[in-house]
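One file, entry14.txt, is given below (compact mmCIF, C-alpha atoms and all ligand atoms).
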```
# COMPACT_ATOMS: atom_id res chain seq x y z
CA MET A 1 39.18 55.83 -35.78
CA LEU A 2 37.86 54.13 -38.87
CA ILE A 3 34.76 51.91 -38.80
CA LEU A 4 33.91 49.95 -41.95
CA THR A 5 30.84 47.77 -42.38
CA CYS A 6 31.76 44.40 -43.82
CA PRO A 7 29.46 43.78 -46.81
CA TYR A 8 29.53 40.02 -46.18
CA CYS A 9 28.58 39.69 -42.52
CA GLY A 10 27.19 43.16 -41.85
CA VAL A 11 29.44 43.82 -38.86
CA ALA A 12 30.45 47.44 -38.33
CA ALA A 13 34.09 46.55 -37.77
CA ASP A 14 36.59 48.66 -35.95
CA GLU A 15 39.78 49.45 -37.84
CA THR A 16 41.67 47.16 -35.45
CA GLU A 17 39.52 44.20 -36.53
CA LEU A 18 40.51 44.76 -40.16
CA ALA A 19 43.64 44.16 -42.19
CA PRO A 20 44.41 46.74 -44.87
CA GLY A 21 45.05 45.50 -48.40
CA GLY A 22 46.05 48.69 -50.21
CA GLN A 23 44.62 50.23 -53.36
CA ALA A 24 41.65 48.50 -54.97
CA HIS A 25 40.79 47.97 -58.63
CA LEU A 26 44.31 47.22 -59.85
CA THR A 27 44.68 45.56 -63.21
CA ARG A 28 46.69 42.38 -62.76
CA GLN A 29 49.53 42.30 -65.25
CA GLY A 30 50.52 38.81 -66.32
CA PRO A 31 53.56 37.25 -68.01
CA GLY A 32 52.62 38.83 -71.35
CA ALA A 33 52.81 42.39 -70.00
CA ASP A 34 55.65 44.72 -70.89
CA SER A 35 58.10 45.81 -68.20
CA ALA A 36 56.59 49.24 -67.67
CA ALA A 37 53.07 47.85 -67.13
CA PHE A 38 54.37 45.14 -64.81
CA GLU A 39 56.38 47.67 -62.81
CA ALA A 40 53.32 49.89 -62.49
CA TYR A 41 51.22 46.94 -61.31
CA LEU A 42 53.78 45.93 -58.71
CA PHE A 43 54.88 49.30 -57.40
CA HIS A 44 52.86 52.31 -58.57
CA ARG A 45 50.12 53.26 -56.14
CA LYS A 46 47.93 56.29 -55.72
CA ASN A 47 48.30 58.31 -52.58
CA PRO A 48 45.34 60.66 -52.91
CA LYS A 49 44.37 63.47 -50.60
CA GLY A 50 40.66 62.78 -50.72
CA VAL A 51 38.63 59.96 -52.24
CA HIS A 52 40.37 56.58 -52.23
CA PHE A 53 39.24 53.06 -53.13
CA GLU A 54 40.85 50.41 -50.96
CA ARG A 55 40.87 46.70 -50.21
CA TRP A 56 40.31 45.57 -46.64
CA ARG A 57 39.96 42.15 -45.04
CA HIS A 58 37.63 41.43 -42.14
CA ALA A 59 40.52 39.61 -40.47
CA HIS A 60 39.20 39.44 -36.90
CA GLY A 61 35.79 38.44 -38.19
CA CYS A 62 34.34 36.57 -41.14
CA GLY A 63 37.70 36.62 -42.92
CA LYS A 64 36.41 38.04 -46.22
CA TRP A 65 38.08 40.63 -48.44
CA PHE A 66 35.99 43.64 -49.44
CA HIS A 67 36.34 47.06 -51.00
CA ALA A 68 35.83 50.41 -49.30
CA ALA A 69 35.58 53.96 -50.63
CA ARG A 70 36.62 56.62 -48.16
CA ASP A 71 38.12 60.04 -47.80
CA THR A 72 41.74 59.96 -46.64
CA VAL A 73 41.48 63.48 -45.23
CA THR A 74 38.16 63.52 -43.38
CA LEU A 75 37.89 59.72 -42.87
CA GLN A 76 34.35 59.93 -44.25
CA VAL A 77 33.33 56.46 -45.43
CA PHE A 78 31.30 56.50 -48.66
CA GLY A 79 30.55 52.80 -48.48
CA THR A 80 31.84 49.24 -48.74
CA TYR A 81 31.14 46.67 -51.43
CA PRO A 82 32.11 43.09 -52.33
CA ALA A 83 35.64 42.36 -53.49
CA GLN A 84 34.25 40.75 -56.64
CA SER A 85 33.18 44.18 -57.95
CA LEU A 86 35.21 45.28 -60.96
CA THR A 87 33.94 48.84 -60.64
CA PRO A 88 32.56 50.81 -57.67
CA PRO A 89 28.74 50.43 -57.55
CA ASP A 90 26.57 53.41 -58.48
CA THR A 91 25.43 53.80 -54.87
CA ILE A 92 29.04 54.39 -53.83
CA LEU A 93 29.70 56.85 -56.66
CA LYS A 94 26.49 58.73 -55.76
CA ALA A 95 27.58 58.93 -52.12
CA ILE A 96 30.92 60.37 -53.20
CA ALA A 97 29.25 62.85 -55.56
CA ALA A 98 27.08 64.05 -52.68
CA THR A 99 30.26 65.26 -50.96
CA TYR A 100 32.31 66.01 -54.07
CA PRO A 101 29.91 67.15 -56.82
CA GLY A 102 31.12 66.10 -60.24
CA PHE A 103 33.37 63.34 -58.92
CA GLU A 104 34.19 60.72 -61.52
CA TRP A 105 35.93 57.42 -60.99
CA GLU A 106 39.26 57.30 -62.83
CA GLY A 107 38.87 53.64 -63.76
CA GLU A 108 41.15 50.70 -63.06
CA ALA A 109 44.80 51.42 -62.40
CA MET G 1 46.62 42.73 -6.35
CA SER G 2 43.14 41.57 -5.38
CA ASP G 3 41.68 41.80 -1.94
CA PRO G 4 40.74 38.22 -1.03
CA HIS G 5 37.58 39.48 0.67
CA THR G 6 36.23 41.28 -2.39
CA PRO G 7 34.73 39.13 -5.11
CA MET G 8 35.78 39.21 -8.74
CA ILE G 9 33.27 41.11 -10.88
CA ALA G 10 32.82 38.05 -13.14
CA GLN G 11 33.73 34.40 -13.02
CA ILE G 12 36.08 33.04 -15.64
CA ALA G 13 36.28 29.32 -16.30
CA GLN G 14 38.01 27.43 -19.06
CA ALA G 15 35.53 24.85 -20.25
CA PRO G 16 36.57 21.22 -20.33
CA ALA G 17 37.33 19.60 -23.66
CA GLN G 18 34.70 20.80 -26.12
CA GLY G 19 33.94 19.00 -29.36
CA MET G 20 34.08 21.34 -32.37
CA ILE G 21 33.62 20.66 -36.06
CA THR G 22 34.16 23.28 -38.74
CA LEU G 23 31.77 22.98 -41.65
CA ARG G 24 32.51 25.02 -44.76
CA GLY G 25 30.24 25.31 -47.76
CA ALA G 26 27.07 27.10 -48.84
CA LEU G 27 25.29 27.14 -45.48
CA SER G 28 21.85 27.59 -47.01
CA ALA G 29 22.25 24.63 -49.38
CA ARG G 30 19.59 22.05 -48.50
CA LYS G 31 21.94 19.08 -48.12
CA ILE G 32 24.48 21.01 -46.04
CA ALA G 33 21.89 22.53 -43.72
CA ALA G 34 20.22 19.12 -43.27
CA ALA G 35 23.53 17.37 -42.53
CA ALA G 36 24.42 20.00 -39.93
CA ARG G 37 21.01 19.79 -38.33
CA ALA G 38 21.23 16.01 -38.11
CA VAL G 39 24.38 16.14 -35.94
CA ALA G 40 23.80 19.43 -34.10
CA GLY G 41 20.10 19.06 -33.36
CA VAL G 42 19.35 22.66 -34.31
CA ALA G 43 18.64 24.50 -37.55
CA MET G 44 21.43 26.41 -39.27
CA PRO G 45 21.71 29.84 -37.56
CA GLY G 46 21.45 33.05 -39.53
CA PRO G 47 24.31 35.54 -39.87
CA LEU G 48 25.87 36.56 -36.53
CA GLU G 49 23.75 34.05 -34.62
CA CYS G 50 24.23 30.81 -32.75
CA ARG G 51 21.70 28.16 -31.85
CA PHE G 52 21.89 25.65 -29.06
CA ASP G 53 19.87 22.76 -27.78
CA GLY G 54 21.55 21.49 -24.63
CA ALA G 55 25.15 20.50 -25.24
CA ARG G 56 24.86 20.77 -29.01
CA GLY G 57 24.62 23.75 -31.27
CA ILE G 58 25.86 25.65 -34.30
CA GLY G 59 27.62 29.00 -34.45
CA TRP G 60 27.68 31.20 -37.58
CA MET G 61 31.31 32.01 -38.35
CA SER G 62 31.15 33.50 -41.86
CA PRO G 63 28.91 33.32 -44.93
CA ASP G 64 30.45 29.95 -45.75
CA GLU G 65 31.56 28.64 -42.37
CA ALA G 66 29.69 27.15 -39.43
CA LEU G 67 31.05 25.82 -36.17
CA ILE G 68 29.24 22.78 -34.84
CA LEU G 69 29.59 22.35 -31.07
CA LEU G 70 28.94 19.02 -29.43
CA PRO G 71 30.29 16.78 -26.65
CA ARG G 72 33.88 15.79 -27.33
CA GLN G 73 33.12 12.05 -27.25
CA ASP G 74 30.55 12.45 -30.04
CA VAL G 75 32.87 14.14 -32.55
CA ALA G 76 34.08 11.03 -34.40
CA GLU G 77 30.57 9.76 -34.99
CA ALA G 78 29.29 13.19 -36.06
CA LEU G 79 32.23 13.66 -38.42
CA ALA G 80 31.55 10.30 -40.08
CA SER G 81 27.86 11.13 -40.38
CA LEU G 82 28.61 14.54 -41.95
CA GLN G 83 31.10 13.08 -44.39
CA LYS G 84 28.58 10.45 -45.46
CA ALA G 85 25.80 12.99 -45.88
CA LEU G 86 28.01 15.37 -47.88
CA VAL G 87 29.44 12.96 -50.46
CA GLY G 88 29.44 14.79 -53.79
CA VAL G 89 28.60 18.12 -52.13
CA HIS G 90 31.05 21.05 -52.31
CA ALA G 91 31.75 21.24 -48.58
CA THR G 92 34.43 20.36 -46.04
CA VAL G 93 34.17 19.13 -42.46
CA VAL G 94 37.12 19.11 -40.08
CA ASP G 95 37.50 18.21 -36.41
CA VAL G 96 38.94 21.38 -34.82
CA SER G 97 38.35 20.39 -31.19
CA ASP G 98 42.07 20.51 -30.43
CA ALA G 99 42.59 23.83 -32.22
CA ARG G 100 40.58 26.00 -29.89
CA ALA G 101 39.95 26.63 -26.22
CA VAL G 102 36.58 27.61 -24.76
CA PHE G 103 36.00 30.02 -21.88
CA ARG G 104 32.80 30.77 -20.02
CA VAL G 105 32.35 34.21 -18.51
CA THR G 106 29.52 34.54 -16.00
CA GLY G 107 28.35 36.87 -13.28
CA PRO G 108 26.68 40.29 -13.18
CA HIS G 109 29.53 42.05 -14.98
CA ALA G 110 30.37 39.35 -17.53
CA ARG G 111 29.30 41.59 -20.41
CA GLU G 112 31.43 44.43 -19.15
CA VAL G 113 34.52 42.27 -18.73
CA LEU G 114 34.30 41.27 -22.41
CA ALA G 115 33.43 44.77 -23.58
CA LYS G 116 36.52 46.18 -21.88
CA LEU G 117 38.71 43.93 -24.01
CA SER G 118 36.99 44.08 -27.40
CA PRO G 119 36.07 46.80 -29.91
CA ALA G 120 32.80 44.96 -30.71
CA ASP G 121 29.47 46.50 -29.72
CA LEU G 122 28.51 44.15 -26.88
CA SER G 123 25.70 46.32 -25.50
CA PRO G 124 22.54 44.40 -24.53
CA ALA G 125 20.69 45.95 -27.48
CA ALA G 126 23.29 44.86 -30.02
CA PHE G 127 24.38 41.59 -28.47
CA GLY G 128 21.48 39.74 -26.89
CA PRO G 129 21.01 36.02 -26.25
CA GLY G 130 21.76 33.97 -29.35
CA ALA G 131 24.09 36.57 -30.84
CA MET G 132 27.53 35.51 -31.98
CA ARG G 133 30.40 37.69 -33.09
CA ARG G 134 33.96 37.07 -34.14
CA THR G 135 36.13 39.92 -33.02
CA ARG G 136 39.34 40.82 -31.27
CA LEU G 137 40.08 40.38 -27.56
CA ALA G 138 43.07 42.62 -26.85
CA GLN G 139 45.62 41.23 -29.31
CA VAL G 140 44.05 37.97 -30.46
CA PRO G 141 41.05 36.82 -32.52
CA VAL G 142 38.11 35.30 -30.65
CA ALA G 143 34.47 34.41 -31.19
CA ILE G 144 31.98 35.33 -28.49
CA TRP G 145 28.39 34.24 -28.11
CA ALA G 146 25.73 35.32 -25.65
CA GLU G 147 23.75 32.74 -23.78
CA GLY G 148 20.24 33.27 -22.42
CA ASP G 149 21.21 33.51 -18.77
CA GLY G 150 23.55 36.49 -18.99
CA ALA G 151 26.55 34.21 -19.47
CA PHE G 152 28.93 34.34 -22.38
CA SER G 153 31.12 31.79 -24.08
CA LEU G 154 34.27 32.61 -25.94
CA ILE G 155 36.57 30.58 -28.15
CA CYS G 156 40.16 31.38 -29.03
CA PHE G 157 43.05 29.48 -30.53
CA ARG G 158 44.45 27.06 -27.98
CA SER G 159 47.94 28.49 -28.48
CA VAL G 160 46.78 31.77 -26.90
CA ALA G 161 44.49 30.27 -24.24
CA VAL G 162 46.83 31.15 -21.36
CA TYR G 163 46.97 34.76 -22.59
CA VAL G 164 43.18 34.97 -22.95
CA GLY G 165 42.62 33.40 -19.51
CA ALA G 166 44.96 35.95 -17.93
CA LEU G 167 43.33 38.85 -19.79
CA LEU G 168 39.85 37.87 -18.67
CA ALA G 169 40.99 37.37 -15.08
CA GLU G 170 42.66 40.78 -15.10
CA ALA G 171 39.54 42.48 -16.48
CA ALA G 172 37.42 40.77 -13.82
CA GLN G 173 39.48 41.96 -10.85
CA PRO G 174 37.53 43.33 -7.87
CA GLY G 175 36.82 47.00 -8.37
CA GLY G 176 37.05 46.63 -12.13
CA ALA G 177 33.38 47.33 -12.82
CA VAL G 178 32.81 50.35 -15.03
CA GLY G 179 29.04 50.40 -14.68
CA TYR G 180 28.48 51.17 -18.34
CA PHE G 181 25.86 48.48 -18.86
CA PRO G 182 22.91 47.93 -16.53
CA SER G 183 24.04 45.29 -14.06
CA GLY G 184 22.96 41.80 -14.99
CA ALA G 185 22.05 42.75 -18.55
ZN ZN V 1 32.74 40.27 -42.25
```

As structure tokens - that is how I would like this structure written.
Ligand SMILES: [Zn+2]
Amino acid sequence: MLILTCPYCGVAADETELAPGGQAHLTRQGPGADSAAFEAYLFHRKNPKGVHFERWRHAHGCGKWFHAARDTVTLQVFGTYPAQSLTPPDTILKAIAATYPGFEWEGEA
Amino acid sequence: MSDPHTPMIAQIAQAPAQGMITLRGALSARKIAAAARAVAGVAMPGPLECRFDGARGIGWMSPDEALILLPRQDVAEALASLQKALVGVHATVVDVSDARAVFRVTGPHAREVLAKLSPADLSPAAFGPGAMRRTRLAQVPVAIWAEGDGAFSLICFRSVAVYVGALLAEAAQPGGAVGYFPSGA
């Protein structure tokens, strides 16, 4: 079972109170983008074994979208942070590095 | 299924028509907090709290949403007063009295009946009087708040009120006590 703490209301929400929103930190490709970039934005998603950055919505709660960093294998949660963040906060990256020394964020997809 | 001689472990009652107004905006903004206080008679609650004074009160629904509770017959006047006070302010007020149903759950095992149906931490330490939490009751969204006398109130969408009433009644069947929380907590 996954429990994520909503950064807006502070509730430690059960997975069943949340709605998953897929991979976080995607670059939105607009009308000016070429076909390959637009295809990647629409369809190409990471499926990592390990650290993953995701979007979640506190659906059965305050209703807000937020970001979470977690491990897809161990279900360890490194932290949650507001959806307005363009990059994972340092505190999150430090928490990941504590488990995976030398971890570096790949940047926006 | 229930033995008529054994009491339910909690009493479930659907409250009569309850007045409800949704207020959205920056809850800490002076004008918004003052307008809410003027109609609800209590100060704006903090996150995950509700405040009541008699039949009126405010529940915290999200960082930018409050639910004002008041007698049904006072809704129109309160709505007009809020709209007048919030002219030019980035906020919305809507009468949602017909959108939701209200249940009251009372009795020594009221907390347990709710806890059986929700993933929320409803232990006395985490969910004392004045606490409010939006969560899930079996398959539907609800908001629950704890009153001072060991009673709880719950709101759900009116479209699922029959489902919620049946769920609560089922969880309160005689013999359904788990004994996880101290009785009466
Ligand atoms: Zn939340």

Show me which residues sit within 12 Å of ligand ZN 1 (chain V) when counting only C-alpha atoms and all ligand atoms, and put them as a PyMOL selection string. (chain A and resi 4-14+17-19+56-67+80-83) or (chain G and resi 47-48+60-65+133-135)

Output for the residues just chosen: C-alpha atoms as a PDB file, keeping the file's coordinate frame:
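Output saved as out14.pdb:
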```pdb
ATOM      1  CA  LEU A   4      33.910  49.950 -41.950  1.00  0.00           C
ATOM      2  CA  THR A   5      30.840  47.770 -42.380  1.00  0.00           C
ATOM      3  CA  CYS A   6      31.760  44.400 -43.820  1.00  0.00           C
ATOM      4  CA  PRO A   7      29.460  43.780 -46.810  1.00  0.00           C
ATOM      5  CA  TYR A   8      29.530  40.020 -46.180  1.00  0.00           C
ATOM      6  CA  CYS A   9      28.580  39.690 -42.520  1.00  0.00           C
ATOM      7  CA  GLY A  10      27.190  43.160 -41.850  1.00  0.00           C
ATOM      8  CA  VAL A  11      29.440  43.820 -38.860  1.00  0.00           C
ATOM      9  CA  ALA A  12      30.450  47.440 -38.330  1.00  0.00           C
ATOM     10  CA  ALA A  13      34.090  46.550 -37.770  1.00  0.00           C
ATOM     11  CA  ASP A  14      36.590  48.660 -35.950  1.00  0.00           C
ATOM     12  CA  GLU A  17      39.520  44.200 -36.530  1.00  0.00           C
ATOM     13  CA  LEU A  18      40.510  44.760 -40.160  1.00  0.00           C
ATOM     14  CA  ALA A  19      43.640  44.160 -42.190  1.00  0.00           C
ATOM     15  CA  TRP A  56      40.310  45.570 -46.640  1.00  0.00           C
ATOM     16  CA  ARG A  57      39.960  42.150 -45.040  1.00  0.00           C
ATOM     17  CA  HIS A  58      37.630  41.430 -42.140  1.00  0.00           C
ATOM     18  CA  ALA A  59      40.520  39.610 -40.470  1.00  0.00           C
ATOM     19  CA  HIS A  60      39.200  39.440 -36.900  1.00  0.00           C
ATOM     20  CA  GLY A  61      35.790  38.440 -38.190  1.00  0.00           C
ATOM     21  CA  CYS A  62      34.340  36.570 -41.140  1.00  0.00           C
ATOM     22  CA  GLY A  63      37.700  36.620 -42.920  1.00  0.00           C
ATOM     23  CA  LYS A  64      36.410  38.040 -46.220  1.00  0.00           C
ATOM     24  CA  TRP A  65      38.080  40.630 -48.440  1.00  0.00           C
ATOM     25  CA  PHE A  66      35.990  43.640 -49.440  1.00  0.00           C
ATOM     26  CA  HIS A  67      36.340  47.060 -51.000  1.00  0.00           C
ATOM     27  CA  THR A  80      31.840  49.240 -48.740  1.00  0.00           C
ATOM     28  CA  TYR A  81      31.140  46.670 -51.430  1.00  0.00           C
ATOM     29  CA  PRO A  82      32.110  43.090 -52.330  1.00  0.00           C
ATOM     30  CA  ALA A  83      35.640  42.360 -53.490  1.00  0.00           C
TER      31      ALA A  83
ATOM     32  CA  PRO G  47      24.310  35.540 -39.870  1.00  0.00           C
ATOM     33  CA  LEU G  48      25.870  36.560 -36.530  1.00  0.00           C
ATOM     34  CA  TRP G  60      27.680  31.200 -37.580  1.00  0.00           C
ATOM     35  CA  MET G  61      31.310  32.010 -38.350  1.00  0.00           C
ATOM     36  CA  SER G  62      31.150  33.500 -41.860  1.00  0.00           C
ATOM     37  CA  PRO G  63      28.910  33.320 -44.930  1.00  0.00           C
ATOM     38  CA  ASP G  64      30.450  29.950 -45.750  1.00  0.00           C
ATOM     39  CA  GLU G  65      31.560  28.640 -42.370  1.00  0.00           C
ATOM     40  CA  ARG G 133      30.400  37.690 -33.090  1.00  0.00           C
ATOM     41  CA  ARG G 134      33.960  37.070 -34.140  1.00  0.00           C
ATOM     42  CA  THR G 135      36.130  39.920 -33.020  1.00  0.00           C
TER      43      THR G 135
END
```

Between G:Gly54, G:Pro174, G:Gly46, G:Gly150, smallest distance to chain A by all atoms listed in the file belongs to G:Gly46

Nearest to Arg70 of chain A: which of A:Ala37, A:Gln23, A:Leu86, A:Arg45 is it, counting only C-alpha atoms?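 Ranked by minimum distance to Arg70 of chain A, first place goes to A:Gln23.
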
Which of these, A:Glu104, A:Ala97, A:Gly22, A:Ala68, has the shortest distance to Phe43 of chain A once you count only C-alpha atoms?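 Answer, going by the shortest atom-to-atom distance: A:Gly22.
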
Separation of atom CA of Ala40 of chain G and atom CA of Val102 of chain G, in Å? 17.8 Å

One decimal, Å: what's the distance from atom CA of Ile32 of chain G over to atom CA of Arg104 of chain G, could you say? 29.0 Å

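Selection around (43.1, 48.3, -65.4) with radius 8 Å, counting all atoms listed in the file, yields the residues His25, Leu26, Thr27, Arg28, Gly107, Glu108 and Ala109 of chain A.
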
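Of the residues under consideration (G:Val160, G:Ala151, G:Ala78, G:Ala125), G:Val160 shows the shortest atom-to-atom contact distance to Leu137 of chain G when counting all atoms listed in the file.
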
What would segment 37-55 of chain A look like with N, CA, C and O atoms restored, written as an mmCIF file, keeping the file's coordinate frame?
```
data_model
loop_
_atom_site.group_PDB
_atom_site.id
_atom_site.type_symbol
_atom_site.label_atom_id
_atom_site.label_comp_id
_atom_site.auth_asym_id
_atom_site.auth_seq_id
_atom_site.Cartn_x
_atom_site.Cartn_y
_atom_site.Cartn_z
ATOM 1 N N ALA A 37 54.392 48.173 -67.685
ATOM 2 C CA ALA A 37 53.070 47.850 -67.130
ATOM 3 C C ALA A 37 53.221 46.986 -65.887
ATOM 4 O O ALA A 37 52.508 47.165 -64.894
ATOM 5 N N PHE A 38 54.176 46.039 -65.945
ATOM 6 C CA PHE A 38 54.370 45.140 -64.810
ATOM 7 C C PHE A 38 54.931 45.907 -63.605
ATOM 8 O O PHE A 38 54.515 45.681 -62.464
ATOM 9 N N GLU A 39 55.829 46.840 -63.883
ATOM 10 C CA GLU A 39 56.380 47.670 -62.810
ATOM 11 C C GLU A 39 55.271 48.492 -62.164
ATOM 12 O O GLU A 39 55.176 48.585 -60.934
ATOM 13 N N ALA A 40 54.407 49.062 -63.011
ATOM 14 C CA ALA A 40 53.320 49.890 -62.490
ATOM 15 C C ALA A 40 52.383 49.049 -61.619
ATOM 16 O O ALA A 40 51.941 49.484 -60.549
ATOM 17 N N TYR A 41 52.104 47.823 -62.072
ATOM 18 C CA TYR A 41 51.220 46.940 -61.310
ATOM 19 C C TYR A 41 51.839 46.596 -59.960
ATOM 20 O O TYR A 41 51.176 46.585 -58.927
ATOM 21 N N LEU A 42 53.135 46.333 -59.957
ATOM 22 C CA LEU A 42 53.780 45.930 -58.710
ATOM 23 C C LEU A 42 53.985 47.095 -57.733
ATOM 24 O O LEU A 42 53.803 46.931 -56.535
ATOM 25 N N PHE A 43 54.378 48.251 -58.288
ATOM 26 C CA PHE A 43 54.880 49.300 -57.400
ATOM 27 C C PHE A 43 54.108 50.613 -57.396
ATOM 28 O O PHE A 43 54.171 51.350 -56.418
ATOM 29 N N HIS A 44 53.453 50.974 -58.495
ATOM 30 C CA HIS A 44 52.860 52.310 -58.570
ATOM 31 C C HIS A 44 51.503 52.335 -57.889
ATOM 32 O O HIS A 44 50.585 51.642 -58.313
ATOM 33 N N ARG A 45 51.384 53.159 -56.857
ATOM 34 C CA ARG A 45 50.120 53.260 -56.140
ATOM 35 C C ARG A 45 49.742 54.719 -55.979
ATOM 36 O O ARG A 45 50.607 55.583 -55.824
ATOM 37 N N LYS A 46 48.425 54.944 -55.981
ATOM 38 C CA LYS A 46 47.930 56.290 -55.720
ATOM 39 C C LYS A 46 48.113 56.606 -54.248
ATOM 40 O O LYS A 46 48.114 55.705 -53.408
ATOM 41 N N ASN A 47 48.238 57.888 -53.974
ATOM 42 C CA ASN A 47 48.300 58.310 -52.580
ATOM 43 C C ASN A 47 47.472 59.580 -52.455
ATOM 44 O O ASN A 47 47.992 60.661 -52.178
ATOM 45 N N PRO A 48 46.156 59.442 -52.740
ATOM 46 C CA PRO A 48 45.340 60.660 -52.910
ATOM 47 C C PRO A 48 45.043 61.358 -51.591
ATOM 48 O O PRO A 48 44.951 60.728 -50.540
ATOM 49 N N LYS A 49 44.899 62.665 -51.710
ATOM 50 C CA LYS A 49 44.370 63.470 -50.600
ATOM 51 C C LYS A 49 42.893 63.640 -50.928
ATOM 52 O O LYS A 49 42.524 64.502 -51.723
ATOM 53 N N GLY A 50 42.078 62.752 -50.381
ATOM 54 C CA GLY A 50 40.660 62.780 -50.720
ATOM 55 C C GLY A 50 40.126 61.390 -50.939
ATOM 56 O O GLY A 50 40.450 60.461 -50.198
ATOM 57 N N VAL A 51 39.317 61.237 -52.007
ATOM 58 C CA VAL A 51 38.630 59.960 -52.240
ATOM 59 C C VAL A 51 39.612 58.853 -52.620
ATOM 60 O O VAL A 51 40.466 59.038 -53.495
ATOM 61 N N HIS A 52 39.489 57.717 -51.948
ATOM 62 C CA HIS A 52 40.370 56.580 -52.230
ATOM 63 C C HIS A 52 39.546 55.293 -52.197
ATOM 64 O O HIS A 52 38.645 55.145 -51.371
ATOM 65 N N PHE A 53 39.894 54.376 -53.097
ATOM 66 C CA PHE A 53 39.240 53.060 -53.130
ATOM 67 C C PHE A 53 40.263 52.040 -52.634
ATOM 68 O O PHE A 53 41.366 51.943 -53.181
ATOM 69 N N GLU A 54 39.885 51.298 -51.617
ATOM 70 C CA GLU A 54 40.850 50.410 -50.960
ATOM 71 C C GLU A 54 40.310 49.004 -50.785
ATOM 72 O O GLU A 54 39.097 48.778 -50.802
ATOM 73 N N ARG A 55 41.230 48.070 -50.570
ATOM 74 C CA ARG A 55 40.870 46.700 -50.210
ATOM 75 C C ARG A 55 41.098 46.541 -48.705
ATOM 76 O O ARG A 55 42.082 47.041 -48.169
#
```
